[in-house]
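Text of work-v1.cif, listed as mmCIF, C-alpha atoms:
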data_final
loop_
_atom_site.group_PDB
_atom_site.id
_atom_site.type_symbol
_atom_site.label_atom_id
_atom_site.label_comp_id
_atom_site.auth_asym_id
_atom_site.auth_seq_id
_atom_site.Cartn_x
_atom_site.Cartn_y
_atom_site.Cartn_z
ATOM 1 C CA MET A 1 -40.486 -63.202 -44.656
ATOM 2 C CA PHE A 2 -37.240 -62.846 -42.662
ATOM 3 C CA ALA A 3 -38.994 -64.676 -39.812
ATOM 4 C CA ARG A 4 -35.746 -65.998 -38.359
ATOM 5 C CA LEU A 5 -34.153 -62.563 -38.363
ATOM 6 C CA LYS A 6 -37.193 -61.027 -36.699
ATOM 7 C CA ALA A 7 -37.169 -63.781 -34.067
ATOM 8 C CA ARG A 8 -33.595 -62.847 -33.221
ATOM 9 C CA GLY A 9 -34.490 -59.174 -32.824
ATOM 10 C CA PHE A 10 -33.485 -57.742 -36.196
ATOM 11 C CA GLU A 11 -35.549 -54.768 -37.303
ATOM 12 C CA ILE A 12 -36.960 -55.237 -40.793
ATOM 13 C CA LEU A 13 -38.737 -52.502 -42.713
ATOM 14 C CA THR A 14 -39.906 -52.865 -46.309
ATOM 15 C CA LEU A 15 -41.213 -49.893 -48.274
ATOM 16 C CA HIS A 16 -42.739 -49.193 -51.701
ATOM 17 C CA HIS A 17 -43.681 -52.782 -52.600
ATOM 18 C CA ALA A 18 -40.276 -54.153 -51.624
ATOM 19 C CA GLU A 19 -41.846 -57.103 -49.812
ATOM 20 C CA ALA A 20 -43.802 -58.159 -52.898
ATOM 21 C CA ILE A 21 -40.687 -57.874 -55.063
ATOM 22 C CA LEU A 22 -38.641 -59.956 -52.635
ATOM 23 C CA ARG A 23 -41.328 -62.552 -52.068
ATOM 24 C CA HIS A 24 -42.230 -63.112 -55.713
ATOM 25 C CA ASP A 25 -39.203 -62.019 -57.756
ATOM 26 C CA MET A 26 -36.143 -62.412 -55.507
ATOM 27 C CA PRO A 27 -36.684 -65.166 -52.921
ATOM 28 C CA GLU A 28 -33.024 -66.145 -53.376
ATOM 29 C CA ALA A 29 -31.969 -62.718 -52.090
ATOM 30 C CA VAL A 30 -34.032 -63.228 -48.931
ATOM 31 C CA VAL A 31 -32.419 -66.610 -48.294
ATOM 32 C CA GLU A 32 -28.897 -65.297 -48.846
ATOM 33 C CA LEU A 33 -29.297 -62.203 -46.704
ATOM 34 C CA GLU A 34 -30.875 -64.198 -43.884
ATOM 35 C CA GLN A 35 -28.050 -66.723 -43.931
ATOM 36 C CA VAL A 36 -25.421 -63.974 -43.821
ATOM 37 C CA LEU A 37 -27.094 -61.960 -41.063
ATOM 38 C CA LEU A 38 -27.932 -64.938 -38.842
ATOM 39 C CA GLY A 39 -24.190 -65.575 -38.678
ATOM 40 C CA ILE A 40 -23.402 -62.158 -37.206
ATOM 41 C CA GLU A 41 -21.501 -62.156 -33.915
ATOM 42 C CA ILE A 42 -19.769 -59.150 -32.367
ATOM 43 C CA LYS A 43 -17.507 -59.163 -29.341
ATOM 44 C CA ALA A 44 -17.711 -56.021 -27.223
ATOM 45 C CA GLU A 45 -13.948 -55.671 -27.606
ATOM 46 C CA GLU A 46 -14.471 -55.111 -31.340
ATOM 47 C CA LEU A 47 -16.667 -52.124 -30.552
ATOM 48 C CA VAL A 48 -13.807 -50.601 -28.581
ATOM 49 C CA HIS A 49 -11.147 -51.411 -31.169
ATOM 50 C CA GLY A 50 -13.360 -50.389 -34.079
ATOM 51 C CA GLY A 51 -15.259 -47.465 -32.638
ATOM 52 C CA GLY A 52 -15.097 -45.471 -35.856
ATOM 53 C CA GLY A 53 -14.982 -46.172 -39.572
ATOM 54 C CA GLU A 54 -15.243 -49.673 -41.010
ATOM 55 C CA GLY A 55 -15.046 -52.088 -38.091
ATOM 56 C CA GLU A 56 -14.328 -55.784 -38.038
ATOM 57 C CA LEU A 57 -18.019 -56.696 -38.307
ATOM 58 C CA THR A 58 -18.422 -54.700 -41.515
ATOM 59 C CA GLN A 59 -15.308 -56.313 -42.951
ATOM 60 C CA ARG A 60 -16.650 -59.795 -42.186
ATOM 61 C CA LEU A 61 -20.052 -58.966 -43.669
ATOM 62 C CA ARG A 62 -18.473 -57.576 -46.815
ATOM 63 C CA LYS A 63 -16.219 -60.593 -47.228
ATOM 64 C CA THR A 64 -19.091 -63.054 -46.805
ATOM 65 C CA LEU A 65 -21.410 -61.181 -49.163
ATOM 66 C CA THR A 66 -18.716 -60.745 -51.798
ATOM 67 C CA GLU A 67 -16.734 -63.988 -51.704
ATOM 68 C CA ILE A 68 -19.438 -66.500 -50.819
ATOM 69 C CA TYR A 69 -22.613 -65.027 -52.314
ATOM 70 C CA GLY A 70 -21.304 -62.793 -55.115
ATOM 71 C CA TRP A 71 -22.694 -59.431 -53.926
ATOM 72 C CA ARG A 72 -19.915 -57.312 -55.422
ATOM 73 C CA LYS A 73 -19.073 -53.618 -55.587
ATOM 74 C CA HIS A 74 -20.331 -52.021 -58.780
ATOM 75 C CA SER A 75 -20.230 -48.573 -60.329
ATOM 76 C CA PHE A 76 -23.295 -47.679 -62.376
ATOM 77 C CA GLU A 77 -22.545 -45.132 -65.114
ATOM 78 C CA ILE A 78 -25.426 -43.186 -66.611
ATOM 79 C CA LYS A 79 -24.769 -41.109 -69.731
ATOM 80 C CA LYS A 80 -26.958 -38.572 -71.470
ATOM 81 C CA ILE A 81 -26.321 -38.401 -75.216
ATOM 82 C CA VAL A 82 -27.950 -35.827 -77.493
ATOM 83 C CA ASP A 83 -27.448 -36.108 -81.275
ATOM 84 C CA GLY A 84 -24.487 -38.356 -80.766
ATOM 85 C CA GLN A 85 -22.763 -36.051 -78.280
ATOM 86 C CA GLU A 86 -22.338 -36.890 -74.614
ATOM 87 C CA ARG A 87 -23.854 -34.105 -72.535
ATOM 88 C CA GLU A 88 -23.759 -35.656 -69.085
ATOM 89 C CA SER A 89 -22.156 -38.623 -67.339
ATOM 90 C CA ILE A 90 -22.942 -39.589 -63.745
ATOM 91 C CA SER A 91 -21.629 -42.594 -61.837
ATOM 92 C CA HIS A 92 -23.127 -44.165 -58.726
ATOM 93 C CA GLU A 93 -21.001 -46.678 -56.821
ATOM 94 C CA VAL A 94 -22.744 -49.233 -54.626
ATOM 95 C CA ASP A 95 -20.769 -51.523 -52.324
ATOM 96 C CA HIS A 96 -22.845 -54.683 -52.881
ATOM 97 C CA VAL A 97 -24.821 -55.433 -56.033
ATOM 98 C CA LYS A 98 -26.220 -58.730 -57.235
ATOM 99 C CA ARG A 99 -28.145 -59.408 -60.410
ATOM 100 C CA PHE A 100 -30.842 -62.042 -60.141
ATOM 101 C CA LYS A 101 -32.872 -63.410 -63.061
ATOM 102 C CA THR A 102 -35.757 -61.088 -62.252
ATOM 103 C CA GLY A 103 -33.931 -57.914 -61.206
ATOM 104 C CA THR A 104 -30.958 -56.216 -59.570
ATOM 105 C CA PHE A 105 -30.471 -55.748 -55.832
ATOM 106 C CA ALA A 106 -28.295 -52.905 -54.441
ATOM 107 C CA LEU A 107 -27.090 -53.028 -50.835
ATOM 108 C CA GLU A 108 -25.106 -50.710 -48.553
ATOM 109 C CA ILE A 109 -23.770 -51.415 -45.050
ATOM 110 C CA GLU A 110 -23.700 -48.323 -42.839
ATOM 111 C CA TRP A 111 -22.295 -49.598 -39.550
ATOM 112 C CA ASN A 112 -20.736 -46.383 -38.265
ATOM 113 C CA ASN A 113 -20.546 -43.489 -40.696
ATOM 114 C CA LYS A 114 -21.827 -39.950 -40.358
ATOM 115 C CA ASP A 115 -25.576 -40.000 -40.812
ATOM 116 C CA PRO A 116 -25.621 -37.942 -44.076
ATOM 117 C CA PHE A 117 -24.381 -41.153 -45.712
ATOM 118 C CA PHE A 118 -27.987 -42.332 -45.440
ATOM 119 C CA ASP A 119 -29.064 -39.428 -47.658
ATOM 120 C CA ARG A 120 -26.400 -40.362 -50.207
ATOM 121 C CA ASP A 121 -27.424 -44.025 -50.260
ATOM 122 C CA LEU A 122 -31.165 -43.373 -50.468
ATOM 123 C CA GLU A 123 -30.815 -40.745 -53.198
ATOM 124 C CA ASN A 124 -28.520 -43.077 -55.162
ATOM 125 C CA PHE A 125 -31.112 -45.832 -54.911
ATOM 126 C CA LYS A 126 -33.844 -43.415 -56.019
ATOM 127 C CA ARG A 127 -31.907 -42.337 -59.127
ATOM 128 C CA LEU A 128 -30.843 -45.855 -60.053
ATOM 129 C CA HIS A 129 -34.380 -47.147 -59.668
ATOM 130 C CA ALA A 130 -35.756 -44.273 -61.767
ATOM 131 C CA GLU A 131 -33.307 -45.234 -64.517
ATOM 132 C CA GLY A 132 -34.501 -48.838 -64.334
ATOM 133 C CA VAL A 133 -31.141 -50.328 -63.357
ATOM 134 C CA ILE A 134 -32.037 -51.589 -59.858
ATOM 135 C CA SER A 135 -35.200 -53.240 -58.587
ATOM 136 C CA ILE A 136 -34.625 -52.730 -54.867
ATOM 137 C CA GLY A 137 -32.221 -50.900 -52.552
ATOM 138 C CA SER A 138 -31.241 -52.011 -49.060
ATOM 139 C CA ILE A 139 -29.349 -50.589 -46.078
ATOM 140 C CA ILE A 140 -28.016 -52.525 -43.081
ATOM 141 C CA THR A 141 -27.245 -50.463 -39.969
ATOM 142 C CA ARG A 142 -27.194 -50.613 -36.170
ATOM 143 C CA GLY A 143 -30.671 -51.387 -34.850
ATOM 144 C CA GLU A 144 -32.492 -49.430 -32.156
ATOM 145 C CA SER A 145 -31.955 -52.107 -29.489
ATOM 146 C CA LEU A 146 -28.217 -52.123 -30.161
ATOM 147 C CA GLN A 147 -27.857 -48.348 -30.305
ATOM 148 C CA SER A 148 -29.732 -47.844 -27.027
ATOM 149 C CA SER A 149 -27.675 -50.547 -25.262
ATOM 150 C CA LEU A 150 -24.181 -49.456 -26.284
ATOM 151 C CA ARG A 151 -23.376 -47.579 -23.066
ATOM 152 C CA ASP A 152 -24.424 -50.545 -20.921
ATOM 153 C CA ILE A 153 -22.431 -52.910 -23.130
ATOM 154 C CA ILE A 154 -19.257 -50.841 -22.852
ATOM 155 C CA ALA A 155 -19.681 -50.369 -19.079
ATOM 156 C CA GLN A 156 -20.133 -54.143 -18.621
ATOM 157 C CA PHE A 157 -17.051 -54.723 -20.757
ATOM 158 C CA ALA A 158 -15.051 -52.336 -18.557
ATOM 159 C CA ARG A 159 -16.124 -54.121 -15.367
ATOM 160 C CA LYS A 160 -15.400 -57.571 -16.799
ATOM 161 C CA HIS A 161 -11.897 -56.621 -17.930
ATOM 162 C CA GLY A 162 -10.932 -54.469 -14.968
ATOM 163 C CA ILE A 163 -10.815 -51.156 -16.805
ATOM 164 C CA SER A 164 -10.940 -48.713 -13.911
ATOM 165 C CA LYS A 165 -8.648 -45.869 -14.995
ATOM 166 C CA LYS A 166 -7.674 -44.213 -18.256
ATOM 167 C CA GLU A 167 -4.283 -45.957 -18.274
ATOM 168 C CA ASP A 168 -6.112 -49.283 -18.671
ATOM 169 C CA LEU A 169 -7.464 -48.185 -22.056
ATOM 170 C CA GLY A 170 -4.046 -48.474 -23.715
ATOM 171 C CA LYS A 171 -4.606 -52.180 -24.279
ATOM 172 C CA TYR A 172 -7.536 -51.395 -26.570
ATOM 173 C CA TYR A 173 -7.005 -47.950 -28.088
ATOM 174 C CA ALA A 174 -5.103 -44.709 -27.552
ATOM 175 C CA PRO A 175 -7.492 -41.884 -26.609
ATOM 176 C CA THR A 176 -6.570 -38.418 -27.849
ATOM 177 C CA ALA A 177 -6.179 -35.440 -25.543
ATOM 178 C CA ARG A 178 -9.695 -34.336 -26.482
ATOM 179 C CA GLN A 179 -11.099 -37.788 -25.706
ATOM 180 C CA ILE A 180 -9.282 -37.935 -22.363
ATOM 181 C CA GLU A 181 -10.837 -34.612 -21.406
ATOM 182 C CA LEU A 182 -14.294 -35.949 -22.333
ATOM 183 C CA ILE A 183 -13.695 -39.111 -20.308
ATOM 184 C CA GLU A 184 -12.508 -37.206 -17.239
ATOM 185 C CA ARG A 185 -15.537 -34.920 -17.300
ATOM 186 C CA SER A 186 -17.905 -37.857 -17.758
ATOM 187 C CA VAL A 187 -16.279 -39.904 -14.981
ATOM 188 C CA LYS A 188 -16.664 -36.973 -12.608
ATOM 189 C CA ALA A 189 -20.327 -36.557 -13.566
ATOM 190 C CA LYS A 190 -21.169 -40.279 -13.319
ATOM 191 C CA GLY A 191 -19.105 -41.058 -10.230
ATOM 192 C CA SER A 192 -17.639 -44.204 -11.769
ATOM 193 C CA PHE A 193 -14.839 -44.698 -14.279
ATOM 194 C CA GLU A 194 -16.573 -47.604 -15.994
ATOM 195 C CA VAL A 195 -19.862 -45.767 -16.496
ATOM 196 C CA GLY A 196 -18.212 -42.428 -17.241
ATOM 197 C CA TRP A 197 -15.891 -43.904 -19.851
ATOM 198 C CA ALA A 198 -18.768 -45.822 -21.451
ATOM 199 C CA HIS A 199 -20.859 -42.649 -21.784
ATOM 200 C CA ALA A 200 -17.961 -40.604 -23.177
ATOM 201 C CA PHE A 201 -16.815 -43.356 -25.536
ATOM 202 C CA VAL A 202 -20.239 -44.079 -27.005
ATOM 203 C CA SER A 203 -21.121 -40.384 -27.354
ATOM 204 C CA ASP A 204 -17.864 -39.787 -29.195
ATOM 205 C CA LYS A 205 -17.813 -42.871 -31.422
ATOM 206 C CA PHE A 206 -21.408 -44.048 -31.800
ATOM 207 C CA GLY A 207 -23.313 -40.835 -31.143
ATOM 208 C CA GLU A 208 -26.610 -39.529 -32.453
ATOM 209 C CA ALA A 209 -24.980 -38.049 -35.570
ATOM 210 C CA THR A 210 -23.789 -41.470 -36.774
ATOM 211 C CA THR A 211 -25.595 -44.072 -38.859
ATOM 212 C CA HIS A 212 -28.153 -46.008 -36.819
ATOM 213 C CA TRP A 213 -31.772 -47.105 -37.113
ATOM 214 C CA ARG A 214 -33.476 -43.998 -35.752
ATOM 215 C CA LYS A 215 -31.665 -41.708 -38.181
ATOM 216 C CA LEU A 216 -32.511 -43.994 -41.093
ATOM 217 C CA ALA A 217 -36.184 -44.290 -40.094
ATOM 218 C CA GLU A 218 -36.469 -40.499 -39.823
ATOM 219 C CA ARG A 219 -35.296 -40.118 -43.394
ATOM 220 C CA VAL A 220 -37.601 -42.649 -44.992
ATOM 221 C CA ARG A 221 -40.544 -41.182 -43.054
ATOM 222 C CA ARG A 222 -39.726 -37.867 -44.754
ATOM 223 C CA GLY A 223 -39.759 -39.623 -48.117
ATOM 224 C CA VAL A 224 -36.021 -39.691 -48.809
ATOM 225 C CA GLY A 225 -35.446 -42.383 -51.440
ATOM 226 C CA ASN A 226 -39.126 -42.558 -52.416
ATOM 227 C CA PRO A 227 -40.377 -44.277 -54.593
ATOM 228 C CA CYS A 228 -37.530 -46.803 -54.778
ATOM 229 C CA PRO A 229 -38.507 -50.119 -53.155
ATOM 230 C CA LEU A 230 -36.446 -50.353 -49.945
ATOM 231 C CA LEU A 231 -35.420 -53.061 -47.505
ATOM 232 C CA LEU A 232 -33.988 -51.647 -44.257
ATOM 233 C CA ILE A 233 -32.347 -53.917 -41.684
ATOM 234 C CA GLY A 234 -31.322 -53.050 -38.123
ATOM 235 C CA ILE A 235 -28.744 -55.196 -36.293
ATOM 236 C CA PRO A 236 -29.951 -56.031 -32.739
ATOM 237 C CA ARG A 237 -28.331 -55.947 -29.300
ATOM 238 C CA ASP A 238 -28.339 -59.733 -28.992
ATOM 239 C CA VAL A 239 -25.548 -60.205 -31.537
ATOM 240 C CA VAL A 240 -23.046 -58.631 -29.092
ATOM 241 C CA SER A 241 -21.262 -60.701 -26.471
ATOM 242 C CA ILE A 242 -19.428 -59.140 -23.549
#
Please lay out the structure from this file as structure tokens.
Amino acid sequence: MFARLKARGFEILTLHHAEAILRHDMPEAVVELEQVLLGIEIKAEELVHGGGGEGELTQRLRKTLTEIYGWRKHSFEIKKIVDGQERESISHEVDHVKRFKTGTFALEIEWNNKDPFFDRDLENFKRLHAEGVISIGSIITRGESLQSSLRDIIAQFARKHGISKKEDLGKYYAPTARQIELIERSVKAKGSFEVGWAHAFVSDKFGEATTHWRKLAERVRRGVGNPCPLLLIGIPRDVVSI
């Protein structure tokens, strides 16, 4: 399952019988997700332009999932009624939901948020699964190979495009006074503008406290989201072109 994604370097982790559910009950979901993810391409320039928040890649993924395959945003509302009176009402919004004949699939894309968003997503999946309204929950995030290569990618981008001083950054983004201070310190420590800027930029925009594979794996190892069946997908380094 997901053989083509694995061959391209995507990290795939299935938990709590998710593989059996996908293989036997939702093979269409596997086909659709593989088709969408095999089409991923990211230019290094997008990483610079979209260092924080919802970048261009996330927007393209969302558009493809929603408009072509029908994985739409949905708000699940769960109400507790006692003797005809509503005592509690809780809503859980999921960015991409698709109902198949044999169950409901919930999917979140966490390209570059703060890592507590993983806790929110996994706990949402757990509650929705306990209520019987989803069969499987899934998260797509930056894979380990991509996360560990970001500094090299940005440094290569700087060399290719002749970014050798902070004034050259204006073509791509406007660093704040705080960011300029970080860059200057890093350049001094690394002895090269390209390498120093890459280290400062990645630490500031794609640092350890953001959503990436290692942070997600740590949580599921601790049992966050258990026992909801989970499909976790990490986007690899090879989708990025300099």
Selection: 12 Å around Val195 (chain A), only C-alpha atoms, excl. self and same-chain fewer than 5 positions, as an mmCIF file with C-alpha atoms, in the frame of the given file:
data_model
loop_
_atom_site.group_PDB
_atom_site.id
_atom_site.type_symbol
_atom_site.label_atom_id
_atom_site.label_comp_id
_atom_site.auth_asym_id
_atom_site.auth_seq_id
_atom_site.Cartn_x
_atom_site.Cartn_y
_atom_site.Cartn_z
ATOM 1 C CA LEU A 150 -24.181 -49.456 -26.284
ATOM 2 C CA ARG A 151 -23.376 -47.579 -23.066
ATOM 3 C CA ASP A 152 -24.424 -50.545 -20.921
ATOM 4 C CA ILE A 153 -22.431 -52.910 -23.130
ATOM 5 C CA ILE A 154 -19.257 -50.841 -22.852
ATOM 6 C CA ALA A 155 -19.681 -50.369 -19.079
ATOM 7 C CA GLN A 156 -20.133 -54.143 -18.621
ATOM 8 C CA PHE A 157 -17.051 -54.723 -20.757
ATOM 9 C CA ALA A 158 -15.051 -52.336 -18.557
ATOM 10 C CA ARG A 159 -16.124 -54.121 -15.367
ATOM 11 C CA ILE A 163 -10.815 -51.156 -16.805
ATOM 12 C CA SER A 164 -10.940 -48.713 -13.911
ATOM 13 C CA LYS A 165 -8.648 -45.869 -14.995
ATOM 14 C CA ILE A 183 -13.695 -39.111 -20.308
ATOM 15 C CA GLU A 184 -12.508 -37.206 -17.239
ATOM 16 C CA ARG A 185 -15.537 -34.920 -17.300
ATOM 17 C CA SER A 186 -17.905 -37.857 -17.758
ATOM 18 C CA VAL A 187 -16.279 -39.904 -14.981
ATOM 19 C CA LYS A 188 -16.664 -36.973 -12.608
ATOM 20 C CA ALA A 189 -20.327 -36.557 -13.566
ATOM 21 C CA LYS A 190 -21.169 -40.279 -13.319
ATOM 22 C CA ALA A 200 -17.961 -40.604 -23.177
ATOM 23 C CA PHE A 201 -16.815 -43.356 -25.536
ATOM 24 C CA VAL A 202 -20.239 -44.079 -27.005
#
Using all atoms listed in the file, find each residue in region 28-101 of chain A having at least one atom no more than 6 Å away from region 105-110 of chain A; report its shortest atom-to-atom pair and that distance in Å (one decimal), rows by chain then rising number, as CSV.
residue,atom,partner,partner_atom,distance
A:Asp95,CA,A:Glu108,CA,5.8
A:His96,CA,A:Leu107,CA,5.0
A:Val97,CA,A:Ala106,CA,4.6
A:Lys98,CA,A:Phe105,CA,5.4
Response to the item:
Ile12 (chain A) proximity check over A:Leu146, A:Gly234, A:Thr176, A:Lys43, using only C-alpha atoms: winner is A:Gly234
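You will find CA of Asn112 (chain A) at 5.4 Å from CA of Thr211 (chain A).
The shortest atom-to-atom distance to Ala198 (chain A), with only C-alpha atoms taken into account, belongs to A:Leu182 out of A:Leu232, A:Leu182, A:Ile134, A:Leu33.
Counting from CA of Glu194 (chain A), the distance to CA of Ser148 (chain A) is 17.2 Å.
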Practice prompt. Please indicate the distance in Å from CA of Gly103 (chain A) to CA of Ile136 (chain A), rounded to one decimal place.
Written response: 8.2 Å
Discussion item. Restricting the calculation to all atoms listed in the file: of A:Gly207, A:Lys63, A:Glu45, A:Ala18, which residue gets closest to His161 (chain A)?
Written reply: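 The closest residue to His161 (chain A) is A:Glu45.
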Item to complete: Go through A:Ala7, A:Ala20, A:Leu13, A:Ala29 one by one, measure the shortest atom-to-atom distance of each to Trp213 (chain A) using only C-alpha atoms, and give the residue with the smallest value.
Response: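 Among the listed residues, the smallest separation from Trp213 (chain A) belongs to A:Leu13.
Checking A:Thr104, A:Asn124, A:Gln179, A:Ser203 one by one against Trp71 (chain A), counting all atoms listed in the file, you find the shortest gap at A:Thr104.
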Item to complete: Using the chain letters and numbers from the file, give me the residues hit by the PyMOL selection byres ((chain A and resi 35-41) around 7), as a list in words.
Response: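 In the shown coordinates, the PyMOL selection byres ((chain A and resi 35-41) around 7) covers Leu5, Val31, Glu32, Leu33, Glu34, Ile42, Lys43, Val239 and Val240 of chain A.
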Practice prompt. Determine the residue membership of the PyMOL selection byres ((chain A and resi 19) around 12) for the file above and supply it as number ranges by chain.
Written response: A: 1-2, 12-18, 20-27, 29-30, 135-138, 229-232
Practice prompt. Identify which of the residues A:His92, A:Lys215, A:Lys166, A:Arg4 lies closest to Thr141 (chain A), counting only C-alpha atoms when measuring atom-to-atom distances.
Written response: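 Residue with the minimum atom-to-atom distance to Thr141 (chain A): A:Lys215.
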